[in-house]
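Student: One file is attached below, start01.cif, containing mmCIF, C-alpha atoms and all ligand atoms.
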data_target
loop_
_atom_site.label_atom_id
_atom_site.label_comp_id
_atom_site.auth_asym_id
_atom_site.auth_seq_id
_atom_site.Cartn_x
_atom_site.Cartn_y
_atom_site.Cartn_z
CA MET A 1 -94.88 30.51 103.41
CA ASN A 2 -98.49 29.28 103.40
CA ALA A 3 -101.33 31.74 102.91
CA ARG A 4 -103.82 31.85 105.78
CA THR A 5 -107.49 32.61 106.20
CA ALA A 6 -108.88 35.34 108.46
CA ALA A 7 -110.64 32.69 110.54
CA GLU A 8 -107.28 31.19 111.54
CA SER A 9 -106.19 34.35 113.37
CA LEU A 10 -109.60 35.72 114.45
CA THR A 11 -109.23 37.07 117.97
CA ILE A 12 -112.17 37.69 120.30
CA MET A 13 -111.56 39.24 123.70
CA SER A 14 -114.12 40.25 126.33
CA GLU A 15 -113.60 42.72 129.17
CA LEU A 16 -115.84 43.94 132.01
CA VAL A 17 -115.86 47.75 132.48
CA LEU A 18 -114.82 48.25 136.13
CA PRO A 19 -114.49 51.52 138.12
CA GLY A 20 -110.76 51.71 137.33
CA HIS A 21 -111.55 51.80 133.60
CA THR A 22 -113.92 54.82 133.69
CA ASN A 23 -113.82 58.63 133.47
CA PRO A 24 -115.57 61.03 135.89
CA PHE A 25 -118.86 60.47 133.97
CA ASP A 26 -118.70 56.73 134.79
CA ASN A 27 -118.11 55.88 131.14
CA LEU A 28 -115.28 53.80 129.71
CA LEU A 29 -112.12 55.86 129.10
CA GLY A 30 -111.24 56.14 125.41
CA GLY A 31 -107.61 55.28 126.15
CA GLN A 32 -108.62 52.09 127.96
CA LEU A 33 -110.66 50.94 124.96
CA MET A 34 -107.74 51.76 122.63
CA TYR A 35 -105.46 49.67 124.86
CA TRP A 36 -107.81 46.65 124.64
CA MET A 37 -108.14 47.10 120.87
CA ASP A 38 -104.37 47.26 120.48
CA ILE A 39 -103.91 44.06 122.51
CA ALA A 40 -106.56 42.17 120.49
CA ALA A 41 -104.99 43.42 117.22
CA ALA A 42 -101.51 42.41 118.41
CA ILE A 43 -102.65 38.86 119.24
CA CYS A 44 -104.38 38.63 115.84
CA ALA A 45 -101.26 39.90 114.00
CA VAL A 46 -99.00 37.42 115.81
CA ARG A 47 -101.42 34.56 115.08
CA HIS A 48 -101.46 35.45 111.37
CA SER A 49 -97.74 36.11 110.91
CA GLY A 50 -96.29 33.72 113.48
CA MET A 51 -93.87 36.52 114.41
CA PRO A 52 -93.64 39.35 116.94
CA SER A 53 -95.58 42.29 115.47
CA MET A 54 -95.84 46.02 116.24
CA THR A 55 -98.54 48.64 115.79
CA VAL A 56 -97.50 51.05 113.04
CA SER A 57 -100.77 52.96 112.56
CA VAL A 58 -104.38 53.31 113.71
CA ASP A 59 -107.07 54.86 111.48
CA ASN A 60 -110.14 56.89 112.36
CA LEU A 61 -111.05 55.74 115.81
CA SER A 62 -114.34 57.43 116.72
CA PHE A 63 -116.46 56.90 119.81
CA LYS A 64 -120.08 56.48 118.76
CA THR A 65 -121.73 55.62 122.07
CA GLN A 66 -120.98 55.98 125.76
CA VAL A 67 -119.98 52.71 127.40
CA LYS A 68 -121.24 52.55 130.98
CA ARG A 69 -119.48 51.01 133.96
CA GLY A 70 -120.75 47.43 134.32
CA SER A 71 -120.89 46.88 130.56
CA THR A 72 -119.05 44.11 128.83
CA VAL A 73 -116.95 45.04 125.83
CA THR A 74 -116.19 42.33 123.28
CA ILE A 75 -113.45 43.13 120.83
CA GLU A 76 -113.15 41.22 117.57
CA ALA A 77 -109.94 41.52 115.58
CA LYS A 78 -109.62 40.12 112.07
CA VAL A 79 -106.90 40.43 109.41
CA THR A 80 -108.39 41.98 106.25
CA ARG A 81 -105.26 41.79 104.09
CA ALA A 82 -101.56 41.11 104.39
CA PHE A 83 -99.07 43.07 102.28
CA THR A 84 -95.28 42.50 102.43
CA SER A 85 -94.45 42.90 106.12
CA SER A 86 -97.64 44.68 107.18
CA MET A 87 -101.15 43.46 107.98
CA GLU A 88 -104.35 45.50 108.13
CA ILE A 89 -106.53 44.42 111.05
CA HIS A 90 -110.20 45.38 111.36
CA ILE A 91 -111.36 45.87 114.92
CA GLN A 92 -114.94 45.98 116.09
CA ALA A 93 -115.91 46.64 119.71
CA TRP A 94 -119.35 45.40 120.77
CA THR A 95 -120.91 46.61 124.00
CA ALA A 96 -123.60 44.98 126.14
CA TYR A 97 -124.97 46.55 129.32
CA LEU A 98 -125.63 44.59 132.54
CA ASP A 99 -128.38 42.17 131.46
CA HIS A 100 -126.47 41.41 128.22
CA THR A 101 -129.71 40.87 126.26
CA ALA A 102 -128.56 43.06 123.35
CA ARG A 103 -125.21 44.24 122.12
CA GLU A 104 -124.33 47.21 119.95
CA LEU A 105 -121.35 48.12 117.85
CA SER A 106 -119.70 50.94 119.81
CA ASN A 107 -116.38 51.35 117.96
CA GLU A 108 -114.58 50.32 114.82
CA ALA A 109 -111.05 50.93 113.58
CA TYR A 110 -108.32 49.66 111.29
CA PHE A 111 -104.95 48.93 112.85
CA THR A 112 -101.80 48.25 110.82
CA PHE A 113 -99.21 45.92 112.30
CA VAL A 114 -95.72 45.09 111.01
CA ALA A 115 -94.10 41.70 111.66
CA LEU A 116 -90.49 41.80 112.77
CA ASP A 117 -87.69 39.26 112.37
CA ALA A 118 -85.14 38.32 115.02
CA GLU A 119 -83.13 41.49 114.22
CA GLY A 120 -86.22 43.70 114.63
CA LYS A 121 -86.48 44.33 110.85
CA PRO A 122 -89.79 44.14 108.92
CA ALA A 123 -90.30 40.50 107.81
CA LYS A 124 -92.46 38.90 105.09
CA VAL A 125 -95.90 37.76 106.30
CA PRO A 126 -98.22 35.07 104.85
CA GLU A 127 -100.86 36.23 102.36
CA LEU A 128 -104.46 36.46 103.50
CA ILE A 129 -107.11 34.44 101.69
CA PRO A 130 -110.50 36.14 102.02
CA GLU A 131 -113.34 33.57 102.21
CA THR A 132 -116.68 35.21 103.03
CA GLU A 133 -118.36 38.01 101.00
CA GLN A 134 -117.62 40.50 103.81
CA GLU A 135 -113.96 39.42 103.93
CA LYS A 136 -113.70 39.91 100.15
CA ILE A 137 -115.13 43.46 100.41
CA LEU A 138 -112.70 44.35 103.22
CA TYR A 139 -109.82 42.78 101.26
CA GLN A 140 -110.62 44.85 98.15
CA GLY A 141 -110.80 48.11 100.13
CA ALA A 142 -107.59 47.41 102.05
CA MET A 143 -105.29 48.60 99.24
CA ARG A 144 -107.07 51.98 99.03
CA ARG A 145 -106.98 52.42 102.82
CA ARG A 146 -103.27 51.49 102.83
CA GLN A 147 -102.50 54.07 100.14
CA LEU A 148 -104.46 56.77 101.99
CA ARG A 149 -102.65 56.14 105.29
CA LEU A 150 -99.25 56.04 103.57
CA ILE A 151 -99.99 59.39 101.87
CA LEU A 152 -101.12 60.92 105.18
CA SER A 153 -97.97 59.67 106.93
CA GLY A 154 -95.75 61.08 104.18
CA LYS A 155 -94.61 57.61 103.02
CA MET A 156 -96.25 57.71 99.58
CA LYS A 157 -96.80 60.36 96.91
CA ALA A 158 -100.47 60.92 96.02
CA ASP A 159 -99.55 60.49 92.34
CA ASP A 160 -98.43 56.90 93.00
CA ALA A 161 -101.71 55.85 94.66
CA GLN A 162 -103.32 54.14 91.64
CA GLU A 163 -106.13 52.26 93.45
CA LEU A 164 -107.08 55.37 95.42
CA LYS A 165 -107.21 57.48 92.25
CA GLU A 166 -109.60 54.98 90.65
CA ILE A 167 -112.42 55.89 93.06
CA PHE A 168 -112.33 59.54 91.91
CA LYS A 169 -112.64 58.69 88.20
C1 LIG B 1 -92.53 49.16 112.42
C2 LIG B 1 -91.20 49.74 111.94
C3 LIG B 1 -90.06 48.82 112.39
C4 LIG B 1 -91.21 49.79 110.43
O1 LIG B 1 -90.05 50.43 110.02
P1 LIG B 1 -90.02 51.30 108.68
O2 LIG B 1 -88.70 51.90 108.52
O3 LIG B 1 -91.24 52.16 108.63
O4 LIG B 1 -90.12 50.13 107.63
P2 LIG B 1 -90.70 50.21 106.18
O5 LIG B 1 -90.70 51.59 105.61
O6 LIG B 1 -89.99 49.11 105.44
O7 LIG B 1 -92.22 49.79 106.39
C5 LIG B 1 -92.55 48.51 106.82
C6 LIG B 1 -94.01 48.32 106.54
O8 LIG B 1 -94.76 49.20 107.35
C7 LIG B 1 -95.66 49.95 106.56
N1 LIG B 1 -95.82 51.25 107.16
C8 LIG B 1 -94.85 52.08 107.55
N2 LIG B 1 -95.40 53.20 108.07
C9 LIG B 1 -96.73 53.05 107.99
C10 LIG B 1 -97.85 53.86 108.36
N3 LIG B 1 -97.71 55.05 108.93
N4 LIG B 1 -99.10 53.37 108.13
C11 LIG B 1 -99.27 52.16 107.56
N5 LIG B 1 -98.25 51.35 107.19
C12 LIG B 1 -97.00 51.79 107.41
C13 LIG B 1 -94.98 50.01 105.20
O9 LIG B 1 -95.92 50.29 104.17
C14 LIG B 1 -94.40 48.63 105.10
O10 LIG B 1 -95.44 47.72 104.75
P3 LIG B 1 -95.17 46.52 103.68
O11 LIG B 1 -93.88 45.85 104.06
O12 LIG B 1 -96.33 45.59 103.87
O13 LIG B 1 -95.13 47.14 102.33
C15 LIG B 1 -90.93 51.16 112.49
O14 LIG B 1 -91.84 52.07 111.85
C16 LIG B 1 -91.11 51.25 113.98
O15 LIG B 1 -90.32 50.73 114.76
N6 LIG B 1 -92.18 51.96 114.43
C17 LIG B 1 -92.50 52.05 115.84
C18 LIG B 1 -93.52 50.96 116.15
C19 LIG B 1 -93.91 50.98 117.62
O16 LIG B 1 -93.12 51.28 118.48
N7 LIG B 1 -95.16 50.62 117.88
C20 LIG B 1 -95.71 50.60 119.17
C21 LIG B 1 -96.61 51.77 119.33
S1 LIG B 1 -96.09 52.82 120.60
#
Write the structure described by the file as structure tokens, please.
Ligand SMILES: CC(C)(COP(=O)(O)OP(=O)(O)OC[C@H]1O[C@@H](n2cnc3c(N)ncnc32)[C@H](O)[C@@H]1OP(=O)(O)O)[C@@H](O)C(=O)NCCC(=O)NCCS
Tutor:
Amino acid sequence: MNARTAAESLTIMSELVLPGHTNPFDNLLGGQLMYWMDIAAAICAVRHSGMPSMTVSVDNLSFKTQVKRGSTVTIEAKVTRAFTSSMEIHIQAWTAYLDHTARELSNEAYFTFVALDAEGKPAKVPELIPETEQEKILYQGAMRRRQLRLILSGKMKADDAQELKEIFK
């Protein structure tokens, strides 16, 4: 199984915020944005793994700015690291309003996807080769974030989280 770069599965998706996507304040609904993020992450995970893939967790999704009706939202999804069957995917949502002269980062999150084989069991995914400086930083941090989310979901004992412990030394 050949290792792959993040550029090979980079997924960029743009959406226009229409009335059906908004809340009573005329801002984008949080759930709608999460849906678009999940779709972009799913496409990215399938491109990296070459297999059907499922969302298994989403970390710290905060809403920094209001996104007005008429804005465009561009979602960028990039694999930061692949483990055995799981892949961490960094999502950034960029918003531009009407004239599109400037865009701002409105949301960021890490999604974890698991690739599944024909029987629906977790399947081995290709390794990720980080290339740019930013990709190398995200790759390094991915093991700590993985350990933290596995502890929080009750799948790992805090005592076993070696990389996470290192940052408190
Ligand atoms: C994805 C699924 C098949 C994995 O099954 P499982 O019994 O947890 O399998 P495992 O324990 O072997 O874990 C598989 C991988 O998921 C990772 N994982 C499991 N739970 C996780 C969590 N909460 N956060 C991050 N990673 C997690 C494991 O670390 C493992 O990664 P690795 O193979 O890279 O080491 C199962 O959890 C599932 O079906 N979940 C529902 C997914 C779904 O329906 N998603 C749509 C959202 S509604």
Student: From the options A:Leu18, A:Ala115, A:Met1, A:Ala6, which residue's atoms come nearest to ligand LIG 1 (chain B), counting only C-alpha atoms and all ligand atoms?
Tutor: A:Ala115
Student: Taking all atoms listed in the file into account, report as a PDB file with C-alpha atoms, keeping the file's coordinate frame which residues have an atom no farther than 10 Å from an atom of ligand LIG 1 (chain B).
Tutor:
ATOM      1  CA  ASP A  38    -104.370  47.260 120.480  1.00  0.00           C
ATOM      2  CA  SER A  53     -95.580  42.290 115.470  1.00  0.00           C
ATOM      3  CA  MET A  54     -95.840  46.020 116.240  1.00  0.00           C
ATOM      4  CA  THR A  55     -98.540  48.640 115.790  1.00  0.00           C
ATOM      5  CA  VAL A  56     -97.500  51.050 113.040  1.00  0.00           C
ATOM      6  CA  SER A  57    -100.770  52.960 112.560  1.00  0.00           C
ATOM      7  CA  VAL A  58    -104.380  53.310 113.710  1.00  0.00           C
ATOM      8  CA  ASP A  59    -107.070  54.860 111.480  1.00  0.00           C
ATOM      9  CA  ARG A  81    -105.260  41.790 104.090  1.00  0.00           C
ATOM     10  CA  ALA A  82    -101.560  41.110 104.390  1.00  0.00           C
ATOM     11  CA  PHE A  83     -99.070  43.070 102.280  1.00  0.00           C
ATOM     12  CA  THR A  84     -95.280  42.500 102.430  1.00  0.00           C
ATOM     13  CA  SER A  85     -94.450  42.900 106.120  1.00  0.00           C
ATOM     14  CA  SER A  86     -97.640  44.680 107.180  1.00  0.00           C
ATOM     15  CA  MET A  87    -101.150  43.460 107.980  1.00  0.00           C
ATOM     16  CA  GLU A  88    -104.350  45.500 108.130  1.00  0.00           C
ATOM     17  CA  PHE A 111    -104.950  48.930 112.850  1.00  0.00           C
ATOM     18  CA  THR A 112    -101.800  48.250 110.820  1.00  0.00           C
ATOM     19  CA  PHE A 113     -99.210  45.920 112.300  1.00  0.00           C
ATOM     20  CA  VAL A 114     -95.720  45.090 111.010  1.00  0.00           C
ATOM     21  CA  ALA A 115     -94.100  41.700 111.660  1.00  0.00           C
ATOM     22  CA  LEU A 116     -90.490  41.800 112.770  1.00  0.00           C
ATOM     23  CA  ASP A 117     -87.690  39.260 112.370  1.00  0.00           C
ATOM     24  CA  GLY A 120     -86.220  43.700 114.630  1.00  0.00           C
ATOM     25  CA  LYS A 121     -86.480  44.330 110.850  1.00  0.00           C
ATOM     26  CA  PRO A 122     -89.790  44.140 108.920  1.00  0.00           C
ATOM     27  CA  ALA A 123     -90.300  40.500 107.810  1.00  0.00           C
ATOM     28  CA  LYS A 124     -92.460  38.900 105.090  1.00  0.00           C
ATOM     29  CA  VAL A 125     -95.900  37.760 106.300  1.00  0.00           C
ATOM     30  CA  ARG A 145    -106.980  52.420 102.820  1.00  0.00           C
ATOM     31  CA  ARG A 146    -103.270  51.490 102.830  1.00  0.00           C
ATOM     32  CA  GLN A 147    -102.500  54.070 100.140  1.00  0.00           C
ATOM     33  CA  LEU A 148    -104.460  56.770 101.990  1.00  0.00           C
ATOM     34  CA  ARG A 149    -102.650  56.140 105.290  1.00  0.00           C
ATOM     35  CA  LEU A 150     -99.250  56.040 103.570  1.00  0.00           C
ATOM     36  CA  ILE A 151     -99.990  59.390 101.870  1.00  0.00           C
ATOM     37  CA  LEU A 152    -101.120  60.920 105.180  1.00  0.00           C
ATOM     38  CA  SER A 153     -97.970  59.670 106.930  1.00  0.00           C
ATOM     39  CA  GLY A 154     -95.750  61.080 104.180  1.00  0.00           C
ATOM     40  CA  LYS A 155     -94.610  57.610 103.020  1.00  0.00           C
ATOM     41  CA  MET A 156     -96.250  57.710  99.580  1.00  0.00           C
TER      42      MET A 156
END
Student: For CA of Ile89 (chain A) and CA of Glu163 (chain A), determine how far apart the two atoms are, in Å to one decimal place.
Tutor: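 The value is 19.3 Å.
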Student: Give me the residues near Thr132 (chain A) as a ChimeraX atom specification, where near means some atom within 12 Å (using all atoms listed in the file) and where sequence neighbours in that chain fewer than 6 positions away do not count.
Tutor: /A:5-7,80,138-139
Student: From the options A:Thr11, A:Asn23, A:Gln32, A:Thr101, which residue's atoms come nearest to Arg47 (chain A), counting only C-alpha atoms?
Tutor: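 Distance minimum relative to Arg47 (chain A) lands on A:Thr11.
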Student: Could you tell me which of A:Gln92, A:Gln66, A:Leu128, A:Ala42 comes closest to Gln140 (chain A) if we count only C-alpha atoms?
Tutor: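 Among the listed residues, A:Leu128 lies closest to Gln140 (chain A).
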Student: Work out how far apart CA of Met51 (chain A) and CA of Ser9 (chain A) are and give it in Å to one decimal.
Tutor: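 Separating CA of Met51 (chain A) from CA of Ser9 (chain A) is a distance of 12.6 Å.
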Student: So how many Å separate CA of Val73 (chain A) and CA of Ser106 (chain A), to one decimal?
Tutor: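 Computing the Euclidean distance for CA of Val73 (chain A) and CA of Ser106 (chain A) yields 8.9 Å.
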Student: Rank A:Ala3, A:Ile75, A:Val46, A:Val67 by their smallest atom-to-atom distance to Asn27 (chain A), using all atoms listed in the file, and report the top residue only.
Tutor: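 For Asn27 (chain A), the nearest of the given residues is A:Val67.
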Student: Residues at most 8 Å from Ser62 (chain A), counting all atoms listed in the file, excluding those fewer than 2 positions away in the same chain, as a PDB file with C-alpha atoms, in the frame of the given file?
Tutor:
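Output file result-v6.pdb is given in full below:
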ATOM      1  CA  ASN A  60    -110.140  56.890 112.360  1.00  0.00           C
ATOM      2  CA  LYS A  64    -120.080  56.480 118.760  1.00  0.00           C
ATOM      3  CA  ASN A 107    -116.380  51.350 117.960  1.00  0.00           C
ATOM      4  CA  GLU A 108    -114.580  50.320 114.820  1.00  0.00           C
ATOM      5  CA  ALA A 109    -111.050  50.930 113.580  1.00  0.00           C
TER       6      ALA A 109
END
Student: Could you pull the residues within 10 Å of Arg103 (chain A), counting all atoms listed in the file, minus those fewer than 6 positions along the same chain, as a list in words?
Tutor: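 My reading of the contact set: Ser71, Thr72, Val73, Thr74, Ala93, Trp94, Thr95, Ala96 and Tyr97 of chain A.
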Student: Grab the residues selected above and save them as a short mmCIF file (atom, residue, chain, number, x, y, z; two decimals), in the frame of the given file with C-alpha atoms.
Tutor:
data_model
loop_
_atom_site.label_atom_id
_atom_site.label_comp_id
_atom_site.auth_asym_id
_atom_site.auth_seq_id
_atom_site.Cartn_x
_atom_site.Cartn_y
_atom_site.Cartn_z
CA SER A 71 -120.89 46.88 130.56
CA THR A 72 -119.05 44.11 128.83
CA VAL A 73 -116.95 45.04 125.83
CA THR A 74 -116.19 42.33 123.28
CA ALA A 93 -115.91 46.64 119.71
CA TRP A 94 -119.35 45.40 120.77
CA THR A 95 -120.91 46.61 124.00
CA ALA A 96 -123.60 44.98 126.14
CA TYR A 97 -124.97 46.55 129.32
#
Student: Can you report as AutoDock Vina command-line options the centre and edge lengths in Å, to one decimal, of an axis-aligned box around the listed atoms of region 151-154 of chain A padded with 5 Å on each side?
Tutor:
--center_x -98.4 --center_y 60.2 --center_z 104.4 --size_x 15.4 --size_y 11.7 --size_z 15.1
